[in-house]
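A short worksheet on the structure shown next.
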Amino acid sequence: MSFGQGEPGGGTPDWAALAADTAARDRRRKLLMIGGGVLAAGGVAAIVATAIVRSDGGGGDGGKRAAGASAPASSPGTPGTPEPTFAPVAPPPPQDPRAFISSAEKDKAPLTTGTLFPDAKPALSGRTYERTATAATTDCASVTQGALGSVLSSNGCRQVLRATYVRDGVAVTVGVAVFDTKAAADKAKAQSAGNIAALSGDGAAAFCQATACRLTANAEGRYAYFTVAGNADNRPVTADERKALDAGRDISTYAFGRVLARGRAAAAAAAASSVTH
């Protein structure tokens, strides 16, 4: 704007009006700056409030907790709260039943014809036998025939327990020889010769006396067991007859099962004792 001479009208500028106009413009500028600052402060506050609400939105109160309010204490069992932990305790490994019947030091259960041959009518391989007699002696050689007596004695036999079973005209006696160790029983089985003497009883008055019969010899743990099976009327067993052969095998298997049952019972007792102590 020019303030010199030659302005239209040739008059002097109105200094009062100009000063009023300048003051009005200054007031409008200040108001705009103040208003902008207020809007900016409001925007920041809105952003902060939004951030607080969003960060709280995953809580159990649906994200409606007011900003600045303290979070409720977690109760036991709520998700995310560590539960008490305990170190796992593994059960003791099962013990081998054979370990208990392999030496006299561990094999302490009562040993009688009643505990070793408890079944009056055992069913074996689909065949039922009847027990007719039992006997036990510490004079091992006295209940043998042939060389078996010296084999048992030389290997330290402690006692022999016998039982006789009959079925369908066939009789079989099993004799279980007891040693101190598994090694002695295995040696007696390997050296076996002759046979266990048949034990007479009801239904088998005298059998396998100086006649052909079927024989078996086996060992388990510190026990060696032998069978002699033949016709209950003492007739010789011929090569093509199977009844005596089957009877000898059945009763030998029965003796094995009864010896192993001792080991299983001892192992179970030992496991139960280790748990309670």
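Ligands are numbered from 1 in the order shown, residues from 1 within each chain, and chains are lettered A, B, ... in the order they appear in the structure tokens.
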
Q | Near-Arg162 in chain A list (8 Å; only C-alpha atoms; drop same-chain fewer than 5 positions) as a PyMOL selection string | A | chain A and resi 113+134-136+173-176+199

Selection to disk with N, CA, C and O atoms, as a compact mmCIF listing (two decimals), in the first residue's frame:
# COMPACT_ATOMS: atom_id res chain seq x y z
N THR A 113 5.16 -129.95 50.11
CA THR A 113 4.38 -130.53 49.02
C THR A 113 3.05 -129.78 48.86
O THR A 113 2.52 -129.69 47.75
N THR A 134 1.58 -137.62 47.65
CA THR A 134 2.68 -136.65 47.76
C THR A 134 3.65 -137.15 48.82
O THR A 134 3.27 -137.90 49.74
N ALA A 135 4.92 -136.74 48.71
CA ALA A 135 5.93 -137.13 49.69
C ALA A 135 7.12 -136.19 49.56
O ALA A 135 7.36 -135.62 48.49
N ALA A 136 7.89 -136.04 50.65
CA ALA A 136 9.09 -135.21 50.64
C ALA A 136 10.15 -135.88 51.50
O ALA A 136 9.85 -136.54 52.51
N THR A 173 4.75 -139.55 38.01
CA THR A 173 5.32 -138.97 39.22
C THR A 173 6.30 -137.88 38.82
O THR A 173 7.13 -138.08 37.91
N VAL A 174 6.20 -136.74 39.51
CA VAL A 174 7.17 -135.67 39.32
C VAL A 174 7.96 -135.52 40.60
O VAL A 174 7.40 -135.55 41.70
N GLY A 175 9.28 -135.40 40.48
CA GLY A 175 10.15 -135.16 41.63
C GLY A 175 10.91 -133.86 41.44
O GLY A 175 11.60 -133.68 40.43
N VAL A 176 10.77 -132.96 42.38
CA VAL A 176 11.45 -131.66 42.32
C VAL A 176 12.61 -131.67 43.31
O VAL A 176 12.39 -131.75 44.53
N LEU A 199 6.06 -142.83 42.64
CA LEU A 199 5.44 -142.79 43.97
C LEU A 199 4.06 -143.42 43.89
O LEU A 199 3.18 -142.94 43.18

Can you build me a table of range 168-229 of chain A residues sitting at most 10 Å from range 249-256 of chain A, with the closest atom pair per residue and its distance in Å to one decimal, using only C-alpha atoms, sorted by chain and residue number, as a Markdown table?
| residue | atom | partner | partner_atom | distance |
| --- | --- | --- | --- | --- |
| A:Val172 | CA | A:Ile251 | CA | 7.5 |
| A:Thr173 | CA | A:Ile251 | CA | 8.1 |
| A:Val174 | CA | A:Ile251 | CA | 6.9 |
| A:Gly175 | CA | A:Ala255 | CA | 8.8 |
| A:Val176 | CA | A:Ala255 | CA | 7.7 |
| A:Arg214 | CA | A:Arg249 | CA | 9.4 |
| A:Leu215 | CA | A:Arg249 | CA | 9.0 |
| A:Thr216 | CA | A:Ser252 | CA | 7.4 |
| A:Ala217 | CA | A:Ser252 | CA | 8.2 |
| A:Asn218 | CA | A:Ser252 | CA | 7.9 |
| A:Ala219 | CA | A:Phe256 | CA | 8.0 |
| A:Glu220 | CA | A:Phe256 | CA | 6.9 |
| A:Gly221 | CA | A:Phe256 | CA | 9.8 |
| A:Tyr223 | CA | A:Phe256 | CA | 9.1 |
| A:Ala224 | CA | A:Phe256 | CA | 9.4 |
| A:Tyr225 | CA | A:Ala255 | CA | 7.3 |
| A:Phe226 | CA | A:Ser252 | CA | 7.2 |
| A:Thr227 | CA | A:Ser252 | CA | 6.5 |
| A:Val228 | CA | A:Ser252 | CA | 9.6 |
| A:Ala229 | CA | A:Arg249 | CA | 9.1 |

Q) Pick the closest to Val259 in chain A from A:Ala177, A:Ala184, A:Ser150, A:Ala141: which is it, counting only C-alpha atoms? A)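 Smallest distance to Val259 in chain A is found for A:Ala177.
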
Q) What is the distance, in Å and to one decimal place, between CA of Val166 in chain A and CA of Gly114 in chain A? A)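 About the pair CA of Val166 in chain A and CA of Gly114 in chain A: they are 17.9 Å apart.
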
Residues of range 167-276 of chain A that approach range 90-111 of chain A to 8 Å or less, counting only C-alpha atoms: could you list each one with the shortest pair of atoms and its distance in Å to one decimal, rows by chain and increasing residue number, as a tab-separated table?
residue	atom	partner	partner_atom	distance
A:Phe179	CA	A:Ala104	CA	7.7
A:Asp180	CA	A:Ala104	CA	5.0
A:Thr181	CA	A:Ser103	CA	4.5
A:Lys182	CA	A:Ser102	CA	4.8
A:Glu220	CA	A:Ser102	CA	7.9
A:Gly221	CA	A:Ser102	CA	4.2
A:Arg222	CA	A:Ser102	CA	4.8
A:Val259	CA	A:Ile101	CA	7.8
A:Leu260	CA	A:Arg98	CA	7.0
A:Arg262	CA	A:Ile101	CA	7.1
A:Gly263	CA	A:Pro97	CA	4.2
A:Arg264	CA	A:Pro97	CA	4.7
A:Ala265	CA	A:Pro97	CA	7.8
A:Ala266	CA	A:Phe100	CA	6.5
A:Ala267	CA	A:Pro97	CA	5.4
A:Ala271	CA	A:Pro94	CA	7.1
A:Ser274	CA	A:Pro92	CA	7.8

Q: Could you jot down the CA of Arg258 in chain A to CA of Arg127 in chain A separation for me, Å, one decimal place?
A: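 Separating CA of Arg258 in chain A from CA of Arg127 in chain A is a distance of 17.4 Å.
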
Q: Per DSSP on the backbone, filter range 96-203 of chain A down to the residues in helix (DSSP H, G or I) and report them as number ranges by chain.
A: A: 97-100, 113-116, 140-143, 148-154, 182-190

Using N, CA and C atoms, can you export the residues from the last selection as a PDB file, in the first residue's frame?
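Just written: out-v3.pdb:
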ATOM      1  N   PRO A  97      11.233-112.408  38.480  1.00  0.00           N
ATOM      2  CA  PRO A  97      10.872-113.506  39.386  1.00  0.00           C
ATOM      3  C   PRO A  97      11.959-114.567  39.496  1.00  0.00           C
ATOM      4  N   ARG A  98      12.687-114.795  38.405  1.00  0.00           N
ATOM      5  CA  ARG A  98      13.713-115.841  38.429  1.00  0.00           C
ATOM      6  C   ARG A  98      14.860-115.491  39.375  1.00  0.00           C
ATOM      7  N   ALA A  99      15.054-114.196  39.626  1.00  0.00           N
ATOM      8  CA  ALA A  99      16.118-113.802  40.548  1.00  0.00           C
ATOM      9  C   ALA A  99      15.838-114.311  41.957  1.00  0.00           C
ATOM     10  N   PHE A 100      14.556-114.491  42.296  1.00  0.00           N
ATOM     11  CA  PHE A 100      14.200-114.917  43.651  1.00  0.00           C
ATOM     12  C   PHE A 100      14.252-116.434  43.819  1.00  0.00           C
ATOM     13  N   THR A 113       5.157-129.948  50.114  1.00  0.00           N
ATOM     14  CA  THR A 113       4.377-130.527  49.020  1.00  0.00           C
ATOM     15  C   THR A 113       3.048-129.779  48.855  1.00  0.00           C
ATOM     16  N   GLY A 114       2.541-129.212  49.960  1.00  0.00           N
ATOM     17  CA  GLY A 114       1.301-128.450  49.880  1.00  0.00           C
ATOM     18  C   GLY A 114       1.453-127.145  49.113  1.00  0.00           C
ATOM     19  N   THR A 115       2.581-126.455  49.313  1.00  0.00           N
ATOM     20  CA  THR A 115       2.792-125.190  48.590  1.00  0.00           C
ATOM     21  C   THR A 115       3.261-125.432  47.158  1.00  0.00           C
ATOM     22  N   LEU A 116       3.982-126.521  46.932  1.00  0.00           N
ATOM     23  CA  LEU A 116       4.500-126.784  45.596  1.00  0.00           C
ATOM     24  C   LEU A 116       3.469-127.481  44.698  1.00  0.00           C
ATOM     25  N   CYS A 140      17.914-137.328  49.207  1.00  0.00           N
ATOM     26  CA  CYS A 140      17.570-137.228  47.793  1.00  0.00           C
ATOM     27  C   CYS A 140      17.795-138.534  47.027  1.00  0.00           C
ATOM     28  N   ALA A 141      18.909-139.216  47.289  1.00  0.00           N
ATOM     29  CA  ALA A 141      19.235-140.421  46.527  1.00  0.00           C
ATOM     30  C   ALA A 141      18.244-141.551  46.775  1.00  0.00           C
ATOM     31  N   SER A 142      17.568-141.531  47.913  1.00  0.00           N
ATOM     32  CA  SER A 142      16.678-142.638  48.275  1.00  0.00           C
ATOM     33  C   SER A 142      15.418-142.690  47.407  1.00  0.00           C
ATOM     34  N   VAL A 143      15.103-141.642  46.666  1.00  0.00           N
ATOM     35  CA  VAL A 143      13.873-141.642  45.859  1.00  0.00           C
ATOM     36  C   VAL A 143      14.227-141.578  44.370  1.00  0.00           C
ATOM     37  N   LEU A 148      20.722-141.405  38.928  1.00  0.00           N
ATOM     38  CA  LEU A 148      20.233-140.073  39.306  1.00  0.00           C
ATOM     39  C   LEU A 148      20.550-139.739  40.760  1.00  0.00           C
ATOM     40  N   GLY A 149      20.561-140.732  41.634  1.00  0.00           N
ATOM     41  CA  GLY A 149      20.840-140.484  43.041  1.00  0.00           C
ATOM     42  C   GLY A 149      22.202-139.856  43.258  1.00  0.00           C
ATOM     43  N   SER A 150      23.228-140.403  42.615  1.00  0.00           N
ATOM     44  CA  SER A 150      24.577-139.858  42.788  1.00  0.00           C
ATOM     45  C   SER A 150      24.695-138.471  42.145  1.00  0.00           C
ATOM     46  N   VAL A 151      23.967-138.237  41.060  1.00  0.00           N
ATOM     47  CA  VAL A 151      23.982-136.915  40.421  1.00  0.00           C
ATOM     48  C   VAL A 151      23.415-135.872  41.380  1.00  0.00           C
ATOM     49  N   LEU A 152      22.292-136.185  42.010  1.00  0.00           N
ATOM     50  CA  LEU A 152      21.678-135.230  42.936  1.00  0.00           C
ATOM     51  C   LEU A 152      22.584-134.990  44.143  1.00  0.00           C
ATOM     52  N   SER A 153      23.121-136.033  44.697  1.00  0.00           N
ATOM     53  CA  SER A 153      23.950-135.900  45.896  1.00  0.00           C
ATOM     54  C   SER A 153      25.228-135.122  45.614  1.00  0.00           C
ATOM     55  N   SER A 154      25.878-135.393  44.490  1.00  0.00           N
ATOM     56  CA  SER A 154      27.149-134.731  44.188  1.00  0.00           C
ATOM     57  C   SER A 154      26.969-133.240  43.908  1.00  0.00           C
ATOM     58  N   LYS A 182      21.218-121.860  41.342  1.00  0.00           N
ATOM     59  CA  LYS A 182      20.789-122.202  39.991  1.00  0.00           C
ATOM     60  C   LYS A 182      21.868-123.010  39.280  1.00  0.00           C
ATOM     61  N   ALA A 183      23.118-122.663  39.499  1.00  0.00           N
ATOM     62  CA  ALA A 183      24.206-123.373  38.834  1.00  0.00           C
ATOM     63  C   ALA A 183      24.196-124.859  39.187  1.00  0.00           C
ATOM     64  N   ALA A 184      23.928-125.181  40.456  1.00  0.00           N
ATOM     65  CA  ALA A 184      23.890-126.584  40.886  1.00  0.00           C
ATOM     66  C   ALA A 184      22.724-127.319  40.239  1.00  0.00           C
ATOM     67  N   ALA A 185      21.563-126.674  40.159  1.00  0.00           N
ATOM     68  CA  ALA A 185      20.400-127.311  39.551  1.00  0.00           C
ATOM     69  C   ALA A 185      20.626-127.542  38.056  1.00  0.00           C
ATOM     70  N   ASP A 186      21.190-126.554  37.380  1.00  0.00           N
ATOM     71  CA  ASP A 186      21.473-126.717  35.956  1.00  0.00           C
ATOM     72  C   ASP A 186      22.457-127.863  35.714  1.00  0.00           C
ATOM     73  N   LYS A 187      23.431-127.977  36.590  1.00  0.00           N
ATOM     74  CA  LYS A 187      24.423-129.041  36.436  1.00  0.00           C
ATOM     75  C   LYS A 187      23.790-130.415  36.654  1.00  0.00           C
ATOM     76  N   ALA A 188      22.905-130.519  37.638  1.00  0.00           N
ATOM     77  CA  ALA A 188      22.229-131.791  37.891  1.00  0.00           C
ATOM     78  C   ALA A 188      21.357-132.189  36.709  1.00  0.00           C
ATOM     79  N   LYS A 189      20.690-131.201  36.108  1.00  0.00           N
ATOM     80  CA  LYS A 189      19.854-131.502  34.938  1.00  0.00           C
ATOM     81  C   LYS A 189      20.720-131.975  33.772  1.00  0.00           C
ATOM     82  N   ALA A 190      21.848-131.292  33.551  1.00  0.00           N
ATOM     83  CA  ALA A 190      22.729-131.655  32.442  1.00  0.00           C
ATOM     84  C   ALA A 190      23.332-133.051  32.630  1.00  0.00           C
TER      85      ALA A 190
END

Q. Interatomic distance between CA of Ala206 in chain A and CA of Lys243 in chain A?
A.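 Those two atoms sit 17.7 Å apart.
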
**Q.** Spatial neighbours of Thr144 in chain A, max dist 7 Å, only C-alpha atoms, sep filter under 5 positions, as a PyMOL selection string
**A.** chain A and resi 149+195-197

Would you mind exporting all heavy atoms of the selected residues as a short mmCIF file (atom, residue, chain, number, x, y, z; two decimals), in the first residue's frame?
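Result went into again.cif, see below:
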data_model
loop_
_atom_site.label_atom_id
_atom_site.label_comp_id
_atom_site.auth_asym_id
_atom_site.auth_seq_id
_atom_site.Cartn_x
_atom_site.Cartn_y
_atom_site.Cartn_z
N GLY A 149 20.56 -140.73 41.63
CA GLY A 149 20.84 -140.48 43.04
C GLY A 149 22.20 -139.86 43.26
O GLY A 149 22.35 -138.87 44.00
N ASN A 195 16.39 -142.21 36.75
CA ASN A 195 15.11 -141.51 36.83
C ASN A 195 14.65 -141.36 38.27
O ASN A 195 15.19 -141.99 39.19
CB ASN A 195 14.04 -142.25 36.03
CG ASN A 195 13.82 -143.68 36.52
OD1 ASN A 195 14.56 -144.58 36.12
ND2 ASN A 195 12.84 -143.88 37.39
N ILE A 196 13.67 -140.51 38.46
CA ILE A 196 13.02 -140.37 39.75
C ILE A 196 12.18 -141.62 39.99
O ILE A 196 11.63 -142.20 39.04
CB ILE A 196 12.17 -139.08 39.81
CG1 ILE A 196 11.93 -138.66 41.26
CG2 ILE A 196 10.84 -139.26 39.08
CD1 ILE A 196 13.11 -137.99 41.89
N ALA A 197 12.07 -142.06 41.22
CA ALA A 197 11.29 -143.27 41.51
C ALA A 197 9.81 -142.93 41.53
O ALA A 197 9.40 -141.90 42.08
CB ALA A 197 11.71 -143.85 42.85
#

Q: Pick out the closest residue to Ala120 in chain A from this set: A:Ser200, A:Gln159, A:Ser192, A:Thr164. Count only C-alpha atoms.
A: A:Thr164

Q) Tell me, which residues of range 67-261 of chain A carry DSSP strand (DSSP E or B), written as number ranges by chain? A) A: 103, 123-124, 127-128, 130-137, 144-145, 159-167, 170-178, 181, 195-196, 201, 204, 214-220, 223-231
